[in-house]
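Participant: One structure, as structure tokens, below. Some questions next.
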Amino acid sequence: VQLQASGGGLVQAGGSLRLSCAASERTFNAYDMGWFRQAPGKEREFVAGITWSGRYTDFVDSVEGRFTISRDNAKNTVYLQMNSLKPEDTAVYYCAASLRYTGSTIVRKDAGEYDYWGQGTQFTVSS
């Protein structure tokens, strides 16, 4: 499956931004999806994830309550809505897809559990 992330750019602290990740696969609704980010000089970290059904989501503590993740299986797209942005949210954001756990009810947080990755989209939060 090919993943195309979009929506990056420059936003002021406190602002909002929505990232999108479109998948080429028609069986998108079978994939668990995740968003990861990597800031300069730091390791890639899990940000948010959503199971294939959309019923279960999870977030890293630092974005809990500010970010939401959703999916539209009819459009083969997963979204990351980011509110109350902080300069420390600045990073390259990657979407990822996993088909390893059919019917999963658990959000996967380990990058190694994802099989497909988008190219990344950069956004910067200015203070």
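In the structure tokens, each chain is lettered A, B, ... as it comes, each chain's residues begin at 1, and ligands are numbered from 1 in order of appearance.
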Can you build me a table of range 70-110 of chain A residues sitting at most 6 Å from range 33-36 of chain A, with the closest atom pair per residue and its distance in Å to one decimal, using only C-alpha atoms, sorted by chain and residue number, as CSV?

Facilitator:
```
residue,atom,partner,partner_atom,distance
A:Tyr93,CA,A:Phe36,CA,5.7
A:Tyr94,CA,A:Phe36,CA,5.1
A:Cys95,CA,A:Trp35,CA,4.5
A:Ala96,CA,A:Gly34,CA,5.1
A:Ala97,CA,A:Met33,CA,4.6
```

Participant: Write out as a VMD selection string which residues come within 12 Å of Gly120 in chain A when counting only C-alpha atoms, dropping same-chain ones fewer than 5 positions away.

Facilitator: chain A and resid 3 to 8 19 to 21 35 to 39 44 91 to 96

Participant: Could you turn the residues from that selection into a file that holds N, CA and C atoms, as a short mmCIF file (atom, residue, chain, number, x, y, z; two decimals), in the first residue's frame?

Facilitator:
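The new file again30.cif reads:
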```cif
data_model
loop_
_atom_site.label_atom_id
_atom_site.label_comp_id
_atom_site.auth_asym_id
_atom_site.auth_seq_id
_atom_site.Cartn_x
_atom_site.Cartn_y
_atom_site.Cartn_z
N LEU A 3 1.19 5.28 0.86
CA LEU A 3 0.60 6.28 1.74
C LEU A 3 1.13 7.65 1.35
N GLN A 4 0.23 8.60 1.25
CA GLN A 4 0.59 9.96 0.88
C GLN A 4 0.11 10.91 1.94
N ALA A 5 1.05 11.46 2.70
CA ALA A 5 0.70 12.40 3.76
C ALA A 5 0.73 13.82 3.22
N SER A 6 -0.14 14.64 3.75
CA SER A 6 -0.20 16.04 3.35
C SER A 6 -0.73 16.88 4.49
N GLY A 7 -0.58 18.19 4.35
CA GLY A 7 -1.13 19.11 5.33
C GLY A 7 -0.12 19.85 6.14
N GLY A 8 1.15 19.61 5.91
CA GLY A 8 2.17 20.30 6.68
C GLY A 8 2.28 21.77 6.32
N LEU A 19 -3.59 17.09 9.43
CA LEU A 19 -2.81 16.28 8.50
C LEU A 19 -3.71 15.19 7.93
N SER A 20 -3.46 14.87 6.68
CA SER A 20 -4.20 13.80 6.02
C SER A 20 -3.22 12.77 5.49
N CYS A 21 -3.67 11.55 5.43
CA CYS A 21 -2.86 10.48 4.86
C CYS A 21 -3.77 9.62 4.00
N TRP A 35 0.19 7.57 13.36
CA TRP A 35 0.99 8.75 13.06
C TRP A 35 2.19 8.76 13.99
N PHE A 36 3.33 9.00 13.40
CA PHE A 36 4.57 9.13 14.15
C PHE A 36 5.20 10.47 13.79
N ARG A 37 6.14 10.90 14.60
CA ARG A 37 6.84 12.13 14.27
C ARG A 37 8.31 12.02 14.65
N GLN A 38 9.09 12.80 13.97
CA GLN A 38 10.51 12.84 14.27
C GLN A 38 10.99 14.27 14.20
N ALA A 39 11.43 14.76 15.34
CA ALA A 39 11.98 16.10 15.41
C ALA A 39 13.49 16.02 15.18
N ARG A 44 12.26 8.80 16.21
CA ARG A 44 10.86 8.80 15.80
C ARG A 44 10.00 8.32 16.96
N ALA A 91 7.95 18.93 13.82
CA ALA A 91 8.59 17.67 13.45
C ALA A 91 8.17 17.30 12.03
N VAL A 92 8.77 16.25 11.54
CA VAL A 92 8.25 15.60 10.33
C VAL A 92 7.29 14.52 10.81
N TYR A 93 6.09 14.54 10.27
CA TYR A 93 5.07 13.60 10.68
C TYR A 93 4.90 12.53 9.60
N TYR A 94 4.84 11.31 10.06
CA TYR A 94 4.71 10.18 9.16
C TYR A 94 3.44 9.40 9.47
N CYS A 95 2.74 8.98 8.44
CA CYS A 95 1.65 8.05 8.68
C CYS A 95 2.14 6.64 8.34
N ALA A 96 1.53 5.69 8.98
CA ALA A 96 1.95 4.31 8.81
C ALA A 96 0.75 3.38 8.87
#
```

Participant: So, counting only C-alpha atoms, which residue among A:Thr124, A:Gln2, A:Asn76, A:Thr57 is closest to Arg26 in chain A?

Facilitator: A:Asn76

Participant: Nearest residue to Phe67 in chain A out of A:Gly15, A:Gly118, A:Gly112, A:Gly54, using only C-alpha atoms?

Facilitator: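 For Phe67 in chain A, the nearest of the given residues is A:Gly15.
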
Participant: Quick one: residues within 12 Å of Thr90 in chain A, only C-alpha atoms counted, chain neighbours fewer than 5 positions away excluded, as a compact mmCIF listing (two decimals) with all heavy atoms, in the first residue's frame?

Facilitator:
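Contents of out.txt, as written:
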```txt
# COMPACT_ATOMS: atom_id res chain seq x y z
N GLY A 8 1.15 19.61 5.91
CA GLY A 8 2.17 20.30 6.68
C GLY A 8 2.28 21.77 6.32
O GLY A 8 1.62 22.25 5.39
N GLY A 9 3.10 22.48 7.08
CA GLY A 9 3.30 23.90 6.81
C GLY A 9 3.80 24.60 8.04
O GLY A 9 4.47 24.01 8.88
N LEU A 10 3.44 25.87 8.14
CA LEU A 10 3.87 26.70 9.26
C LEU A 10 2.64 27.22 9.98
O LEU A 10 1.70 27.72 9.34
CB LEU A 10 4.70 27.88 8.75
CG LEU A 10 5.17 28.91 9.79
CD1 LEU A 10 6.14 28.25 10.76
CD2 LEU A 10 5.83 30.09 9.09
N VAL A 11 2.62 27.08 11.28
CA VAL A 11 1.49 27.53 12.07
C VAL A 11 2.01 28.16 13.35
O VAL A 11 3.07 27.77 13.86
CB VAL A 11 0.53 26.35 12.36
CG1 VAL A 11 1.22 25.28 13.18
CG2 VAL A 11 -0.73 26.83 13.05
N GLN A 12 1.27 29.12 13.87
CA GLN A 12 1.67 29.75 15.12
C GLN A 12 1.25 28.92 16.32
O GLN A 12 0.29 28.14 16.25
CB GLN A 12 1.05 31.14 15.21
CG GLN A 12 1.64 32.15 14.26
CD GLN A 12 1.12 33.55 14.50
OE1 GLN A 12 0.02 33.74 15.01
NE2 GLN A 12 1.90 34.55 14.12
N ALA A 13 1.97 29.08 17.38
CA ALA A 13 1.63 28.38 18.62
C ALA A 13 0.19 28.71 19.01
O ALA A 13 -0.25 29.86 18.90
CB ALA A 13 2.59 28.79 19.73
N LEU A 17 -4.06 22.56 12.98
CA LEU A 17 -3.67 22.05 11.66
C LEU A 17 -4.22 20.63 11.54
O LEU A 17 -4.32 19.91 12.54
CB LEU A 17 -2.15 22.03 11.54
CG LEU A 17 -1.54 21.91 10.15
CD1 LEU A 17 -1.81 23.18 9.34
CD2 LEU A 17 -0.03 21.68 10.25
N ARG A 37 6.14 10.90 14.60
CA ARG A 37 6.84 12.13 14.27
C ARG A 37 8.31 12.02 14.65
O ARG A 37 8.67 11.24 15.55
CB ARG A 37 6.20 13.34 14.96
CG ARG A 37 6.32 13.34 16.48
CD ARG A 37 5.54 14.51 17.06
NE ARG A 37 5.59 14.53 18.52
CZ ARG A 37 4.87 15.36 19.27
NH1 ARG A 37 4.06 16.23 18.70
NH2 ARG A 37 4.98 15.31 20.58
N GLN A 38 9.09 12.80 13.97
CA GLN A 38 10.51 12.84 14.27
C GLN A 38 10.99 14.27 14.20
O GLN A 38 10.94 14.91 13.14
CB GLN A 38 11.31 11.96 13.30
CG GLN A 38 12.77 11.82 13.67
CD GLN A 38 13.45 10.70 12.91
OE1 GLN A 38 12.97 10.23 11.89
NE2 GLN A 38 14.59 10.24 13.44
N ALA A 39 11.43 14.76 15.34
CA ALA A 39 11.98 16.10 15.41
C ALA A 39 13.49 16.02 15.18
O ALA A 39 14.10 14.96 15.38
CB ALA A 39 11.68 16.70 16.78
N PRO A 40 14.10 17.12 14.78
CA PRO A 40 15.55 17.11 14.54
C PRO A 40 16.33 16.63 15.75
O PRO A 40 16.11 17.10 16.87
CB PRO A 40 15.86 18.58 14.23
CG PRO A 40 14.58 19.12 13.69
CD PRO A 40 13.50 18.42 14.46
N LYS A 42 16.11 13.87 17.25
CA LYS A 42 15.37 12.97 18.15
C LYS A 42 14.93 11.73 17.39
O LYS A 42 14.89 11.70 16.17
CB LYS A 42 14.16 13.69 18.73
CG LYS A 42 14.51 14.85 19.63
CD LYS A 42 13.28 15.40 20.31
CE LYS A 42 13.62 16.52 21.27
NZ LYS A 42 12.42 17.06 21.95
N MET A 82 -4.87 18.52 14.87
CA MET A 82 -3.98 18.99 15.92
C MET A 82 -4.39 20.39 16.35
O MET A 82 -4.44 21.31 15.52
CB MET A 82 -2.53 19.00 15.39
CG MET A 82 -2.08 17.64 14.89
SD MET A 82 -0.45 17.65 14.18
CE MET A 82 -0.74 18.63 12.71
N LEU A 85 -1.48 23.90 19.27
CA LEU A 85 -0.14 23.47 18.90
C LEU A 85 0.93 24.22 19.67
O LEU A 85 0.78 25.39 20.03
CB LEU A 85 0.06 23.66 17.39
CG LEU A 85 -0.65 22.61 16.54
CD1 LEU A 85 -0.73 23.05 15.09
CD2 LEU A 85 0.07 21.27 16.65
N THR A 121 5.50 14.48 6.26
CA THR A 121 5.14 15.86 5.98
C THR A 121 5.63 16.72 7.13
O THR A 121 5.44 16.39 8.30
CB THR A 121 3.63 16.03 5.74
OG1 THR A 121 3.35 17.38 5.37
CG2 THR A 121 2.80 15.67 6.97
N GLN A 122 6.27 17.81 6.79
CA GLN A 122 6.91 18.66 7.80
C GLN A 122 5.96 19.79 8.18
O GLN A 122 5.33 20.41 7.32
CB GLN A 122 8.19 19.27 7.23
CG GLN A 122 8.75 20.45 8.01
CD GLN A 122 9.51 20.01 9.25
OE1 GLN A 122 10.34 19.12 9.19
NE2 GLN A 122 9.21 20.65 10.39
N PHE A 123 5.86 20.04 9.48
CA PHE A 123 5.27 21.32 9.85
C PHE A 123 6.00 21.90 11.05
O PHE A 123 6.58 21.19 11.86
CB PHE A 123 3.76 21.23 10.06
CG PHE A 123 3.33 20.71 11.40
CD1 PHE A 123 3.20 21.57 12.48
CD2 PHE A 123 3.03 19.38 11.57
CE1 PHE A 123 2.78 21.10 13.71
CE2 PHE A 123 2.62 18.90 12.79
CZ PHE A 123 2.49 19.76 13.87
N THR A 124 5.94 23.19 11.11
CA THR A 124 6.67 23.95 12.11
C THR A 124 5.69 24.82 12.87
O THR A 124 4.86 25.49 12.27
CB THR A 124 7.74 24.84 11.46
OG1 THR A 124 8.66 24.01 10.73
CG2 THR A 124 8.50 25.64 12.50
N VAL A 125 5.82 24.79 14.18
CA VAL A 125 5.01 25.64 15.04
C VAL A 125 5.90 26.76 15.55
O VAL A 125 6.90 26.50 16.25
CB VAL A 125 4.41 24.84 16.21
CG1 VAL A 125 3.53 25.76 17.06
CG2 VAL A 125 3.63 23.65 15.71
N SER A 126 5.57 27.97 15.22
CA SER A 126 6.36 29.12 15.64
C SER A 126 5.82 29.67 16.96
O SER A 126 4.62 29.68 17.20
CB SER A 126 6.33 30.20 14.57
OG SER A 126 5.02 30.68 14.39
N SER A 127 6.73 30.12 17.79
CA SER A 127 6.33 30.65 19.10
C SER A 127 5.99 32.12 19.02
O SER A 127 6.21 32.78 18.02
CB SER A 127 7.46 30.41 20.10
OG SER A 127 8.64 31.02 19.65
```

Participant: Between A:Arg18, A:Leu80, A:Lys75, A:Pro87, which has the minimum distance to Phe59 in chain A (counting only C-alpha atoms)?

Facilitator: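 Closest candidate: A:Leu80.
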
Participant: Quick one: of A:Ser98, A:Ser84, A:Ser24, A:Ser53, who's nearest to Thr68 in chain A, counting only C-alpha atoms?

Facilitator: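 Of A:Ser98, A:Ser84, A:Ser24, A:Ser53, the one nearest Thr68 in chain A is A:Ser84, counting only C-alpha atoms.
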
Participant: Nearest to Ser62 in chain A among A:Ala74, A:Asp89, A:Tyr79, A:Leu99, with distances taken over only C-alpha atoms: which residue is it?

Facilitator: A:Asp89

Participant: Quick check for you: according to DSSP on this backbone, which residues of chain A are classed as helix (DSSP H, G or I)? Reply as a PDB file with N, CA and C atoms, in the first residue's frame.

Facilitator:
```pdb
ATOM      1  N   PHE A  28      -8.147  -0.568   2.578  1.00  0.00           N
ATOM      2  CA  PHE A  28      -7.690   0.354   3.638  1.00  0.00           C
ATOM      3  C   PHE A  28      -8.403   0.085   4.944  1.00  0.00           C
ATOM      4  N   ASN A  29      -9.675  -0.293   4.872  1.00  0.00           N
ATOM      5  CA  ASN A  29     -10.445  -0.455   6.107  1.00  0.00           C
ATOM      6  C   ASN A  29      -9.983  -1.647   6.941  1.00  0.00           C
ATOM      7  N   ALA A  30      -9.039  -2.406   6.437  1.00  0.00           N
ATOM      8  CA  ALA A  30      -8.487  -3.521   7.205  1.00  0.00           C
ATOM      9  C   ALA A  30      -7.210  -3.150   7.947  1.00  0.00           C
ATOM     10  N   ASP A  61       1.199  10.790  25.543  1.00  0.00           N
ATOM     11  CA  ASP A  61       0.717  11.668  26.606  1.00  0.00           C
ATOM     12  C   ASP A  61       0.838  13.143  26.247  1.00  0.00           C
ATOM     13  N   SER A  62       1.873  13.502  25.537  1.00  0.00           N
ATOM     14  CA  SER A  62       2.142  14.914  25.272  1.00  0.00           C
ATOM     15  C   SER A  62       1.122  15.557  24.336  1.00  0.00           C
ATOM     16  N   VAL A  63       0.322  14.760  23.637  1.00  0.00           N
ATOM     17  CA  VAL A  63      -0.676  15.322  22.732  1.00  0.00           C
ATOM     18  C   VAL A  63      -2.095  14.986  23.165  1.00  0.00           C
ATOM     19  N   PRO A  87       5.378  24.734  20.075  1.00  0.00           N
ATOM     20  CA  PRO A  87       6.618  24.641  19.309  1.00  0.00           C
ATOM     21  C   PRO A  87       7.239  23.241  19.363  1.00  0.00           C
ATOM     22  N   GLU A  88       7.059  22.556  20.457  1.00  0.00           N
ATOM     23  CA  GLU A  88       7.633  21.206  20.576  1.00  0.00           C
ATOM     24  C   GLU A  88       6.910  20.169  19.720  1.00  0.00           C
ATOM     25  N   ASP A  89       5.819  20.567  19.081  1.00  0.00           N
ATOM     26  CA  ASP A  89       5.145  19.676  18.132  1.00  0.00           C
ATOM     27  C   ASP A  89       5.822  19.707  16.759  1.00  0.00           C
ATOM     28  N   ALA A 111       6.825   1.431  16.246  1.00  0.00           N
ATOM     29  CA  ALA A 111       7.030   1.622  14.812  1.00  0.00           C
ATOM     30  C   ALA A 111       7.308   0.312  14.093  1.00  0.00           C
ATOM     31  N   GLY A 112       7.917  -0.627  14.797  1.00  0.00           N
ATOM     32  CA  GLY A 112       8.232  -1.917  14.208  1.00  0.00           C
ATOM     33  C   GLY A 112       7.012  -2.758  13.894  1.00  0.00           C
ATOM     34  N   GLU A 113       5.868  -2.359  14.367  1.00  0.00           N
ATOM     35  CA  GLU A 113       4.633  -3.102  14.112  1.00  0.00           C
ATOM     36  C   GLU A 113       3.906  -2.590  12.872  1.00  0.00           C
TER      37      GLU A 113
END
```

Participant: Rank A:Asp115, A:Asp58, A:Asp32, A:Glu25 by their smallest atom-to-atom distance to Thr102 in chain A, using only C-alpha atoms, and report the top residue only.

Facilitator: A:Asp32

Participant: Env of Ile106 in chain A: 10 Å cut, atoms = only C-alpha atoms, seq-sep filter 5 positions within chain, self excluded. Answer as a VMD selection string.

Facilitator: chain A and resid 32 49 to 52 55 to 58 101

Participant: Residues as selected, all heavy atoms, written as a PDB file, in the first residue's frame, can you do that?

Facilitator:
```
ATOM      1  N   ASP A  32      -4.730  -1.093  10.495  1.00  0.00           N
ATOM      2  CA  ASP A  32      -4.526  -0.202  11.630  1.00  0.00           C
ATOM      3  C   ASP A  32      -3.612   0.923  11.146  1.00  0.00           C
ATOM      4  O   ASP A  32      -2.663   0.690  10.410  1.00  0.00           O
ATOM      5  CB  ASP A  32      -3.847  -0.929  12.797  1.00  0.00           C
ATOM      6  CG  ASP A  32      -4.714  -2.043  13.365  1.00  0.00           C
ATOM      7  OD1 ASP A  32      -5.954  -1.902  13.343  1.00  0.00           O
ATOM      8  OD2 ASP A  32      -4.146  -3.044  13.836  1.00  0.00           O
ATOM      9  N   GLY A  49      -2.710   6.653  17.125  1.00  0.00           N
ATOM     10  CA  GLY A  49      -3.044   5.486  16.337  1.00  0.00           C
ATOM     11  C   GLY A  49      -4.530   5.209  16.385  1.00  0.00           C
ATOM     12  O   GLY A  49      -5.233   5.634  17.311  1.00  0.00           O
ATOM     13  N   ILE A  50      -5.001   4.489  15.382  1.00  0.00           N
ATOM     14  CA  ILE A  50      -6.411   4.150  15.293  1.00  0.00           C
ATOM     15  C   ILE A  50      -6.520   2.758  14.687  1.00  0.00           C
ATOM     16  O   ILE A  50      -5.806   2.406  13.752  1.00  0.00           O
ATOM     17  CB  ILE A  50      -7.176   5.196  14.456  1.00  0.00           C
ATOM     18  CG1 ILE A  50      -8.682   4.952  14.481  1.00  0.00           C
ATOM     19  CG2 ILE A  50      -6.658   5.254  13.022  1.00  0.00           C
ATOM     20  CD1 ILE A  50      -9.492   6.136  13.935  1.00  0.00           C
ATOM     21  N   THR A  51      -7.383   1.961  15.265  1.00  0.00           N
ATOM     22  CA  THR A  51      -7.542   0.614  14.750  1.00  0.00           C
ATOM     23  C   THR A  51      -8.331   0.606  13.447  1.00  0.00           C
ATOM     24  O   THR A  51      -8.939   1.612  13.062  1.00  0.00           O
ATOM     25  CB  THR A  51      -8.236  -0.287  15.781  1.00  0.00           C
ATOM     26  OG1 THR A  51      -9.502   0.308  16.126  1.00  0.00           O
ATOM     27  CG2 THR A  51      -7.391  -0.460  17.021  1.00  0.00           C
ATOM     28  N   TRP A  52      -8.335  -0.522  12.800  1.00  0.00           N
ATOM     29  CA  TRP A  52      -8.975  -0.671  11.501  1.00  0.00           C
ATOM     30  C   TRP A  52     -10.436  -0.221  11.523  1.00  0.00           C
ATOM     31  O   TRP A  52     -10.928   0.359  10.548  1.00  0.00           O
ATOM     32  CB  TRP A  52      -8.894  -2.130  11.061  1.00  0.00           C
ATOM     33  CG  TRP A  52      -9.665  -3.039  11.976  1.00  0.00           C
ATOM     34  CD1 TRP A  52      -9.254  -3.549  13.172  1.00  0.00           C
ATOM     35  CD2 TRP A  52     -11.005  -3.495  11.792  1.00  0.00           C
ATOM     36  NE1 TRP A  52     -10.243  -4.296  13.750  1.00  0.00           N
ATOM     37  CE2 TRP A  52     -11.334  -4.291  12.930  1.00  0.00           C
ATOM     38  CE3 TRP A  52     -11.964  -3.326  10.805  1.00  0.00           C
ATOM     39  CZ2 TRP A  52     -12.569  -4.895  13.074  1.00  0.00           C
ATOM     40  CZ3 TRP A  52     -13.199  -3.939  10.943  1.00  0.00           C
ATOM     41  CH2 TRP A  52     -13.492  -4.716  12.081  1.00  0.00           C
ATOM     42  N   ARG A  55     -12.710   2.293  16.025  1.00  0.00           N
ATOM     43  CA  ARG A  55     -13.325   2.275  17.347  1.00  0.00           C
ATOM     44  C   ARG A  55     -12.326   2.606  18.455  1.00  0.00           C
ATOM     45  O   ARG A  55     -12.688   3.186  19.473  1.00  0.00           O
ATOM     46  CB  ARG A  55     -13.924   0.910  17.620  1.00  0.00           C
ATOM     47  CG  ARG A  55     -14.627   0.782  18.969  1.00  0.00           C
ATOM     48  CD  ARG A  55     -15.303  -0.555  19.107  1.00  0.00           C
ATOM     49  NE  ARG A  55     -16.349  -0.733  18.110  1.00  0.00           N
ATOM     50  CZ  ARG A  55     -17.088  -1.834  18.011  1.00  0.00           C
ATOM     51  NH1 ARG A  55     -16.878  -2.856  18.829  1.00  0.00           N
ATOM     52  NH2 ARG A  55     -18.026  -1.928  17.087  1.00  0.00           N
ATOM     53  N   TYR A  56     -11.073   2.254  18.230  1.00  0.00           N
ATOM     54  CA  TYR A  56     -10.067   2.444  19.276  1.00  0.00           C
ATOM     55  C   TYR A  56      -8.990   3.412  18.804  1.00  0.00           C
ATOM     56  O   TYR A  56      -8.477   3.310  17.690  1.00  0.00           O
ATOM     57  CB  TYR A  56      -9.440   1.103  19.650  1.00  0.00           C
ATOM     58  CG  TYR A  56     -10.445   0.085  20.112  1.00  0.00           C
ATOM     59  CD1 TYR A  56     -10.959  -0.856  19.237  1.00  0.00           C
ATOM     60  CD2 TYR A  56     -10.898   0.082  21.418  1.00  0.00           C
ATOM     61  CE1 TYR A  56     -11.904  -1.770  19.639  1.00  0.00           C
ATOM     62  CE2 TYR A  56     -11.840  -0.844  21.842  1.00  0.00           C
ATOM     63  CZ  TYR A  56     -12.349  -1.765  20.951  1.00  0.00           C
ATOM     64  OH  TYR A  56     -13.278  -2.671  21.374  1.00  0.00           O
ATOM     65  N   THR A  57      -8.667   4.346  19.669  1.00  0.00           N
ATOM     66  CA  THR A  57      -7.599   5.295  19.400  1.00  0.00           C
ATOM     67  C   THR A  57      -6.701   5.418  20.625  1.00  0.00           C
ATOM     68  O   THR A  57      -7.101   5.086  21.737  1.00  0.00           O
ATOM     69  CB  THR A  57      -8.150   6.685  19.048  1.00  0.00           C
ATOM     70  OG1 THR A  57      -8.901   7.195  20.163  1.00  0.00           O
ATOM     71  CG2 THR A  57      -9.066   6.640  17.830  1.00  0.00           C
ATOM     72  N   ASP A  58      -5.517   5.906  20.408  1.00  0.00           N
ATOM     73  CA  ASP A  58      -4.594   6.129  21.514  1.00  0.00           C
ATOM     74  C   ASP A  58      -3.609   7.209  21.105  1.00  0.00           C
ATOM     75  O   ASP A  58      -3.374   7.421  19.902  1.00  0.00           O
ATOM     76  CB  ASP A  58      -3.863   4.838  21.881  1.00  0.00           C
ATOM     77  CG  ASP A  58      -3.389   4.825  23.328  1.00  0.00           C
ATOM     78  OD1 ASP A  58      -3.466   5.881  23.994  1.00  0.00           O
ATOM     79  OD2 ASP A  58      -2.916   3.770  23.788  1.00  0.00           O
ATOM     80  N   TYR A 101      -2.448  -7.424  12.409  1.00  0.00           N
ATOM     81  CA  TYR A 101      -3.332  -7.879  13.474  1.00  0.00           C
ATOM     82  C   TYR A 101      -4.772  -7.714  13.023  1.00  0.00           C
ATOM     83  O   TYR A 101      -5.421  -6.724  13.331  1.00  0.00           O
ATOM     84  CB  TYR A 101      -3.056  -7.089  14.753  1.00  0.00           C
ATOM     85  CG  TYR A 101      -1.599  -7.079  15.141  1.00  0.00           C
ATOM     86  CD1 TYR A 101      -0.795  -5.985  14.839  1.00  0.00           C
ATOM     87  CD2 TYR A 101      -1.011  -8.163  15.775  1.00  0.00           C
ATOM     88  CE1 TYR A 101       0.552  -5.965  15.174  1.00  0.00           C
ATOM     89  CE2 TYR A 101       0.325  -8.158  16.111  1.00  0.00           C
ATOM     90  CZ  TYR A 101       1.105  -7.055  15.816  1.00  0.00           C
ATOM     91  OH  TYR A 101       2.429  -7.049  16.141  1.00  0.00           O
TER      92      TYR A 101
END
```

Participant: So which bits of chain A end up strand (DSSP E or B) when you DSSP the backbone, as a PyMOL selection string?

Facilitator: chain A and resi 3-6+9-12+17-23+32-38+45-50+57-59+67-72+77-82+91-98+116-117+121-126

Participant: So the first atom is CA of Phe46 in chain A and the second is CA of Val107 in chain A; what is the distance between them in Å, to one decimal place?

Facilitator: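 Interatomic distance, CA of Phe46 in chain A to CA of Val107 in chain A: 10.7 Å.
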
Participant: At what distance in Å, to one decimal, does CA of Lys86 in chain A lie from CA of Ser16 in chain A?

Facilitator: 9.8 Å
